[in-house]
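Worksheet: the structure to be examined is printed underneath.
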Amino acid sequence: MTRKVMPPLSVMLALPLIFLFLSSTGTHAHNITRILAKHPDFSTFNHYLTLTHLASEINRRLTITVLAVDNAAMSSLLSKHLSLYTIRNVLSLHVLVDYFGSKKLHQITNGTALTSTMFQATGSAPGSSGYVNITNLKAGKVGFGAEDNDGKLDAVYVKSVEEIPYNISVIQISQVLTSPEAEAPTAGPSDLNLTAILSKQGCKTFADLLISSGVGSTFNENIDGGLTVFCPTDTILSGFMPKYKNLTAPQKVSLLLYHGIPVYQSLQMLKSSNGVVNTLATDGANKYDFTVQNDGEEVTLKTKVVTAKITGTVKDEEPLVVYKINKVLLPRELFKAAPTPKPAPAPKAEAPKGDDDASDADAPEGDDVGDQTADNNGADGLDGGKLVMVFLSLYVGFWLV
């Protein structure tokens with residue numbers, strides 16, 4: 001009878017680490033620049049995706065389809081001498097916020113589909129002009145056309161360039177999609193009027209405060225380098241105005257600056273980069289920061305005083321993004337921290353008299369016990385996936401004995 005040879009102890013100990021490593025590297029982010037770099041025919045298209053910052057936005061999205069055009073088709077677009085920001089709008093019309101592989105394109109339900117694009121997501125596309133019509137045609141062809149192009153299908157499917165189901169699909173179409181709205185003159189970041197944008201989207205009171213306090217110029221100066229604005233709606237601010245009027249002029253400035261982050265943060269970026277962020281009001285020892293957290297699709301902004309929720313997007317066009325929030329952000333530097341509700345004490349068998357009082361006296365004011373617990377759970381907890389991998393590695397190790 002052949003005797004089993006026990007593998008070295010080092011191998012047995014390494015198995016759990018190997019399984020955990022494999023489980024953590026099962027997926028990877030796509031990179032549109034690298035994908036297109038393998039195809040010289042798309043070098044111009046690739047260059048302008050980078051130049052307009054669309055490439056970074058594509059790479060951040062989880063499900064996307066890029067309608068790529070070759071160098072000849074890009075030449076016809078560039079011959080129109082559009083501004084870089086208008087070219088961005090045109091190219092964003094070629095990025096579908098859904099996955100369409102070659103097979104799906106040729107098997108569209110009812111033969112036609114209307115899908116949203118990144119141009120629609122910017123908020124710059126009026127009505128449904130940021131949608132693309134995809135239609136199955138005779139002889140196995142697939143046509144593409146902008147929704148605001150009188151039903152014309154300008155381009156047809158040429159080939160699949162690369163597909164990573166259901167993450168990213170890059171397909172070639174015959175020519176650039178024509179859209180009057182996408183090709184309309186577009187203001188560059190420095191030409192954007194932030195207060196005008198806010199006033200038209202239910203944030204007029206906030207816009208007026210930026211103007212009257214003189215901090216509107218500070219917001220505008222940060223747009224070129226990237227700016228994220230959190231705007232309390234008119235209804236929210238109307239109830240807050242009595243408190244606002246009691247602040248000194250410098251305090252009003254700090255409060256308004258507290259509603260801006262000097263970097264561009266799309267909603268997806270906020271969801272994937274939870275943590276403490278500095279604001280336009282941050283100045284050395286005066287931190288004026290808050291914590292970004294998300295629970296599924298809901299994103300909250302948590303100060304030591306209040307927790308606000310993002311309720312909508314006013315404008316999202318890199319380098320500027322503006323969100324509506326349901327509360328005024330109150331920094332701890334200006335407002336008293338809200339008292340934290342104390343959890344009900346657990347029954348104790350023989351608790352010495354006075355222990356509870358001593359515990360309360362030692363607790364620092366404003367500490368958020370619930371948050372600390374949540375952070376510890378997030379850092380120390382072992383999720384189900386890793387637990388399964390540990391048991392699996394032990395099972396394999398047993399049978400190797």
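Each chain of the structure tokens is named A, B, ... in the order shown, its residues numbered from 1; ligands are numbered from 1 in display order.
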Using only C-alpha atoms, which residues sit within 8 Å of His259 of chain A once same-chain residues fewer than 6 positions away are excluded, as number ranges by chain?
A: 229-231, 279-280, 329
Name all residues at most 12 Å from segment 139-141 of chain A (count only C-alpha atoms; drop same-chain ones fewer than 2 positions away) and give them as a PyMOL selection string.
chain A and resi 102-103+105-108+111+134-137+143-144+153+155-159+173-174
Write out as a VMD selection string all residues of segment 22-78 of chain A that DSSP puts in alpha helix (DSSP H) for this structure's backbone.
chain A and resid 22 to 24 32 to 37 43 to 51 54 to 60 71 to 78
Now that the selection is made, can you save its residues with N, CA and C atoms as a JSON list (two decimals), in the first residue's frame?
[["chain", "number", "residue", "atom", "x", "y", "z"],
["A", 22, "LEU", "N", -6.11, 35.01, -4.25],
["A", 22, "LEU", "CA", -6.85, 34.77, -5.49],
["A", 22, "LEU", "C", -8.22, 35.41, -5.42],
["A", 23, "SER", "N", -8.86, 35.35, -4.26],
["A", 23, "SER", "CA", -10.20, 35.93, -4.14],
["A", 23, "SER", "C", -10.17, 37.43, -4.23],
["A", 24, "SER", "N", -9.07, 38.06, -3.80],
["A", 24, "SER", "CA", -9.00, 39.52, -3.81],
["A", 24, "SER", "C", -8.57, 40.07, -5.16],
["A", 32, "ILE", "N", -9.42, 52.34, -20.49],
["A", 32, "ILE", "CA", -9.74, 52.57, -21.90],
["A", 32, "ILE", "C", -8.51, 53.03, -22.68],
["A", 33, "THR", "N", -7.63, 53.78, -22.04],
["A", 33, "THR", "CA", -6.42, 54.25, -22.74],
["A", 33, "THR", "C", -5.55, 53.09, -23.18],
["A", 34, "ARG", "N", -5.37, 52.11, -22.29],
["A", 34, "ARG", "CA", -4.54, 50.95, -22.63],
["A", 34, "ARG", "C", -5.21, 50.07, -23.67],
["A", 35, "ILE", "N", -6.52, 49.95, -23.57],
["A", 35, "ILE", "CA", -7.25, 49.13, -24.55],
["A", 35, "ILE", "C", -7.07, 49.69, -25.96],
["A", 36, "LEU", "N", -7.29, 51.01, -26.10],
["A", 36, "LEU", "CA", -7.20, 51.63, -27.43],
["A", 36, "LEU", "C", -5.76, 51.76, -27.90],
["A", 37, "ALA", "N", -4.80, 51.80, -26.98],
["A", 37, "ALA", "CA", -3.39, 51.93, -27.37],
["A", 37, "ALA", "C", -2.91, 50.73, -28.19],
["A", 43, "SER", "N", -5.92, 56.01, -32.51],
["A", 43, "SER", "CA", -5.00, 56.85, -31.73],
["A", 43, "SER", "C", -5.55, 58.27, -31.52],
["A", 44, "THR", "N", -6.20, 58.84, -32.52],
["A", 44, "THR", "CA", -6.74, 60.20, -32.37],
["A", 44, "THR", "C", -7.91, 60.20, -31.39],
["A", 45, "PHE", "N", -8.79, 59.24, -31.52],
["A", 45, "PHE", "CA", -9.92, 59.10, -30.61],
["A", 45, "PHE", "C", -9.40, 58.92, -29.18],
["A", 46, "ASN", "N", -8.39, 58.08, -29.02],
["A", 46, "ASN", "CA", -7.80, 57.82, -27.71],
["A", 46, "ASN", "C", -7.19, 59.10, -27.13],
["A", 47, "HIS", "N", -6.51, 59.86, -27.98],
["A", 47, "HIS", "CA", -5.86, 61.09, -27.54],
["A", 47, "HIS", "C", -6.89, 62.08, -27.00],
["A", 48, "TYR", "N", -8.01, 62.23, -27.68],
["A", 48, "TYR", "CA", -9.01, 63.21, -27.26],
["A", 48, "TYR", "C", -9.83, 62.73, -26.06],
["A", 49, "LEU", "N", -9.92, 61.44, -25.85],
["A", 49, "LEU", "CA", -10.54, 60.95, -24.61],
["A", 49, "LEU", "C", -9.70, 61.38, -23.41],
["A", 50, "THR", "N", -8.39, 61.33, -23.57],
["A", 50, "THR", "CA", -7.48, 61.75, -22.50],
["A", 50, "THR", "C", -7.51, 63.27, -22.33],
["A", 51, "LEU", "N", -7.45, 63.98, -23.44],
["A", 51, "LEU", "CA", -7.38, 65.45, -23.42],
["A", 51, "LEU", "C", -8.63, 66.06, -22.79],
["A", 54, "LEU", "N", -12.31, 62.51, -20.42],
["A", 54, "LEU", "CA", -13.34, 61.47, -20.48],
["A", 54, "LEU", "C", -12.77, 60.09, -20.14],
["A", 55, "ALA", "N", -11.50, 59.89, -20.45],
["A", 55, "ALA", "CA", -10.88, 58.58, -20.19],
["A", 55, "ALA", "C", -10.95, 58.23, -18.71],
["A", 56, "SER", "N", -10.63, 59.18, -17.85],
["A", 56, "SER", "CA", -10.66, 58.91, -16.41],
["A", 56, "SER", "C", -12.08, 58.63, -15.93],
["A", 57, "GLU", "N", -13.07, 59.32, -16.52],
["A", 57, "GLU", "CA", -14.46, 59.07, -16.14],
["A", 57, "GLU", "C", -14.91, 57.69, -16.61],
["A", 58, "ILE", "N", -14.50, 57.28, -17.80],
["A", 58, "ILE", "CA", -14.82, 55.94, -18.33],
["A", 58, "ILE", "C", -14.22, 54.87, -17.41],
["A", 59, "ASN", "N", -12.98, 55.09, -16.99],
["A", 59, "ASN", "CA", -12.31, 54.10, -16.15],
["A", 59, "ASN", "C", -12.95, 53.96, -14.77],
["A", 60, "ARG", "N", -13.63, 55.00, -14.32],
["A", 60, "ARG", "CA", -14.27, 54.95, -13.00],
["A", 60, "ARG", "C", -15.60, 54.21, -13.03],
["A", 71, "ASN", "N", -9.29, 57.01, -37.01],
["A", 71, "ASN", "CA", -8.65, 58.30, -37.23],
["A", 71, "ASN", "C", -9.29, 59.11, -38.36],
["A", 72, "ALA", "N", -9.75, 58.44, -39.40],
["A", 72, "ALA", "CA", -10.39, 59.14, -40.52],
["A", 72, "ALA", "C", -11.69, 59.81, -40.07],
["A", 73, "ALA", "N", -12.46, 59.09, -39.28],
["A", 73, "ALA", "CA", -13.73, 59.65, -38.78],
["A", 73, "ALA", "C", -13.47, 60.82, -37.83],
["A", 74, "MET", "N", -12.43, 60.72, -37.02],
["A", 74, "MET", "CA", -12.09, 61.82, -36.11],
["A", 74, "MET", "C", -11.64, 63.06, -36.89],
["A", 75, "SER", "N", -11.01, 62.86, -38.03],
["A", 75, "SER", "CA", -10.57, 64.00, -38.85],
["A", 75, "SER", "C", -11.76, 64.84, -39.29],
["A", 76, "SER", "N", -12.87, 64.18, -39.63],
["A", 76, "SER", "CA", -14.06, 64.92, -40.05],
["A", 76, "SER", "C", -14.63, 65.74, -38.89],
["A", 77, "LEU", "N", -14.52, 65.23, -37.66],
["A", 77, "LEU", "CA", -14.98, 65.97, -36.50],
["A", 77, "LEU", "C", -14.08, 67.17, -36.23],
["A", 78, "LEU", "N", -12.77, 66.96, -36.29],
["A", 78, "LEU", "CA", -11.82, 68.03, -36.00],
["A", 78, "LEU", "C", -11.85, 69.13, -37.05]]
Expressed in Å, the length from atom CA of Val215 of chain A to atom CA of Ile236 of chain A is 20.2 Å
Identify, on the basis of only C-alpha atoms, every residue whose closest approach to segment 250-252 of chain A does not exceed 10 Å; exclude the query and any residue fewer than 6 positions from it along the same chain; express the result as a short mmCIF file (atom, residue, chain, number, x, y, z; two decimals) with C-alpha atoms, in the first residue's frame.
data_model
loop_
_atom_site.label_atom_id
_atom_site.label_comp_id
_atom_site.auth_asym_id
_atom_site.auth_seq_id
_atom_site.Cartn_x
_atom_site.Cartn_y
_atom_site.Cartn_z
CA LEU A 209 -25.35 84.04 -0.19
CA LEU A 210 -22.21 83.29 -2.21
CA SER A 213 -20.62 87.29 1.15
CA VAL A 215 -16.98 84.05 -1.60
CA TYR A 244 -27.11 82.30 9.63
CA TYR A 258 -17.38 74.57 4.08
CA GLU A 333 -15.68 74.96 14.58
CA LEU A 334 -18.83 77.12 14.49
#
Pick out the residues sitting within 8 Å of segment 319-321 of chain A, and hand them over as a PyMOL selection string; count only C-alpha atoms, and ignore anything fewer than 6 positions along from it in its own chain.
chain A and resi 189+223-229+263-266+313
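Interatomic distance, atom CA of Ala182 of chain A against atom CA of Gln120 of chain A: 9.8 Å.
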Within 7 Å of segment 64-66 of chain A, counting only C-alpha atoms, which residues qualify if same-chain residues fewer than 5 places away don't, as a short mmCIF file (atom, residue, chain, number, x, y, z; two decimals) with N, CA and C atoms, in the first residue's frame?
data_model
loop_
_atom_site.label_atom_id
_atom_site.label_comp_id
_atom_site.auth_asym_id
_atom_site.auth_seq_id
_atom_site.Cartn_x
_atom_site.Cartn_y
_atom_site.Cartn_z
N HIS A 94 -20.70 59.31 -27.29
CA HIS A 94 -20.23 58.01 -27.77
C HIS A 94 -19.89 57.06 -26.62
N VAL A 95 -20.28 57.43 -25.40
CA VAL A 95 -20.04 56.57 -24.24
C VAL A 95 -21.39 56.22 -23.64
N LEU A 96 -21.82 54.99 -23.83
CA LEU A 96 -23.12 54.53 -23.35
C LEU A 96 -22.98 54.02 -21.91
N VAL A 97 -23.94 54.39 -21.08
CA VAL A 97 -23.86 53.98 -19.67
C VAL A 97 -24.58 52.64 -19.46
N ASP A 98 -24.35 51.72 -20.36
CA ASP A 98 -24.88 50.35 -20.29
C ASP A 98 -23.93 49.47 -21.09
N TYR A 99 -24.04 48.17 -20.91
CA TYR A 99 -23.15 47.25 -21.60
C TYR A 99 -23.81 46.69 -22.86
N PHE A 100 -23.15 46.90 -24.01
CA PHE A 100 -23.62 46.36 -25.28
C PHE A 100 -22.46 45.65 -25.97
N ASN A 167 -18.55 44.49 -18.01
CA ASN A 167 -17.80 45.60 -17.45
C ASN A 167 -17.63 46.71 -18.49
N ILE A 168 -16.90 46.41 -19.54
CA ILE A 168 -16.71 47.39 -20.60
C ILE A 168 -16.73 46.70 -21.96
N SER A 169 -17.37 47.36 -22.91
CA SER A 169 -17.38 46.90 -24.30
C SER A 169 -16.92 48.07 -25.17
N VAL A 170 -15.91 47.82 -25.99
CA VAL A 170 -15.43 48.83 -26.93
C VAL A 170 -15.72 48.33 -28.33
N ILE A 171 -16.57 49.05 -29.04
CA ILE A 171 -16.93 48.65 -30.40
C ILE A 171 -16.66 49.80 -31.36
#
Å distance separating atom CA of Ala125 of chain A from atom CA of Leu194 of chain A, one decimal place
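Between atom CA of Ala125 of chain A and atom CA of Leu194 of chain A the gap works out to 17.5 Å.
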Extract the full set of strand (DSSP E) residues from segment 214-303 of chain A according to DSSP on the backbone, and format it as a PyMOL selection string.
chain A and resi 227-232+260-261+275-277+290-295+298-302
Of the candidates A:Ser160, A:Asn133, A:Thr195, A:Thr186, which shows the shortest atom-to-atom distance to Arg88 of chain A, using only C-alpha atoms?
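Of A:Ser160, A:Asn133, A:Thr195, A:Thr186, the one nearest Arg88 of chain A is A:Thr186, counting only C-alpha atoms.
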Any idea what's packed within 8 Å of Ala146 of chain A, counting only C-alpha atoms, ignoring anything in its chain fewer than 4 positions away? Could you give it as a list in words?
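Contacts, with the query itself left out: Leu93, Ser129, Gly130, Tyr131, Val132, Asn133, Gly151, Lys152, Leu153, Leu177, Thr178 and Ser179 of chain A.
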Please dump the current selection as a CSV table (one decimal), in the first residue's frame; keep N, CA and C atoms.
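As written to disk, result.csv reads:
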chain,number,residue,atom,x,y,z
A,93,LEU,N,-21.2,61.6,-26.1
A,93,LEU,CA,-22.3,61.0,-26.7
A,93,LEU,C,-22.0,59.6,-27.2
A,129,SER,N,-31.8,64.6,-25.5
A,129,SER,CA,-30.8,64.8,-26.6
A,129,SER,C,-29.5,64.0,-26.2
A,130,GLY,N,-29.4,63.6,-25.0
A,130,GLY,CA,-28.2,62.8,-24.6
A,130,GLY,C,-28.4,61.3,-24.7
A,131,TYR,N,-29.5,60.9,-25.5
A,131,TYR,CA,-29.7,59.5,-25.7
A,131,TYR,C,-29.3,59.1,-27.1
A,132,VAL,N,-29.0,57.8,-27.3
A,132,VAL,CA,-28.6,57.2,-28.6
A,132,VAL,C,-29.6,56.1,-29.0
A,133,ASN,N,-30.0,56.2,-30.2
A,133,ASN,CA,-30.9,55.1,-30.7
A,133,ASN,C,-30.1,54.0,-31.4
A,151,GLY,N,-34.2,61.3,-36.1
A,151,GLY,CA,-34.3,59.8,-36.4
A,151,GLY,C,-33.3,59.2,-37.3
A,152,LYS,N,-32.3,60.0,-37.7
A,152,LYS,CA,-31.3,59.5,-38.7
A,152,LYS,C,-30.3,58.7,-38.0
A,153,LEU,N,-29.9,57.6,-38.6
A,153,LEU,CA,-28.9,56.7,-38.1
A,153,LEU,C,-27.6,56.9,-38.8
A,177,LEU,N,-21.2,60.3,-34.4
A,177,LEU,CA,-22.6,60.6,-34.3
A,177,LEU,C,-22.9,62.1,-34.4
A,178,THR,N,-23.9,62.6,-35.2
A,178,THR,CA,-24.2,64.0,-35.3
A,178,THR,C,-25.3,64.4,-34.3
A,179,SER,N,-25.0,65.5,-33.6
A,179,SER,CA,-26.0,66.0,-32.6
A,179,SER,C,-25.9,67.5,-32.5
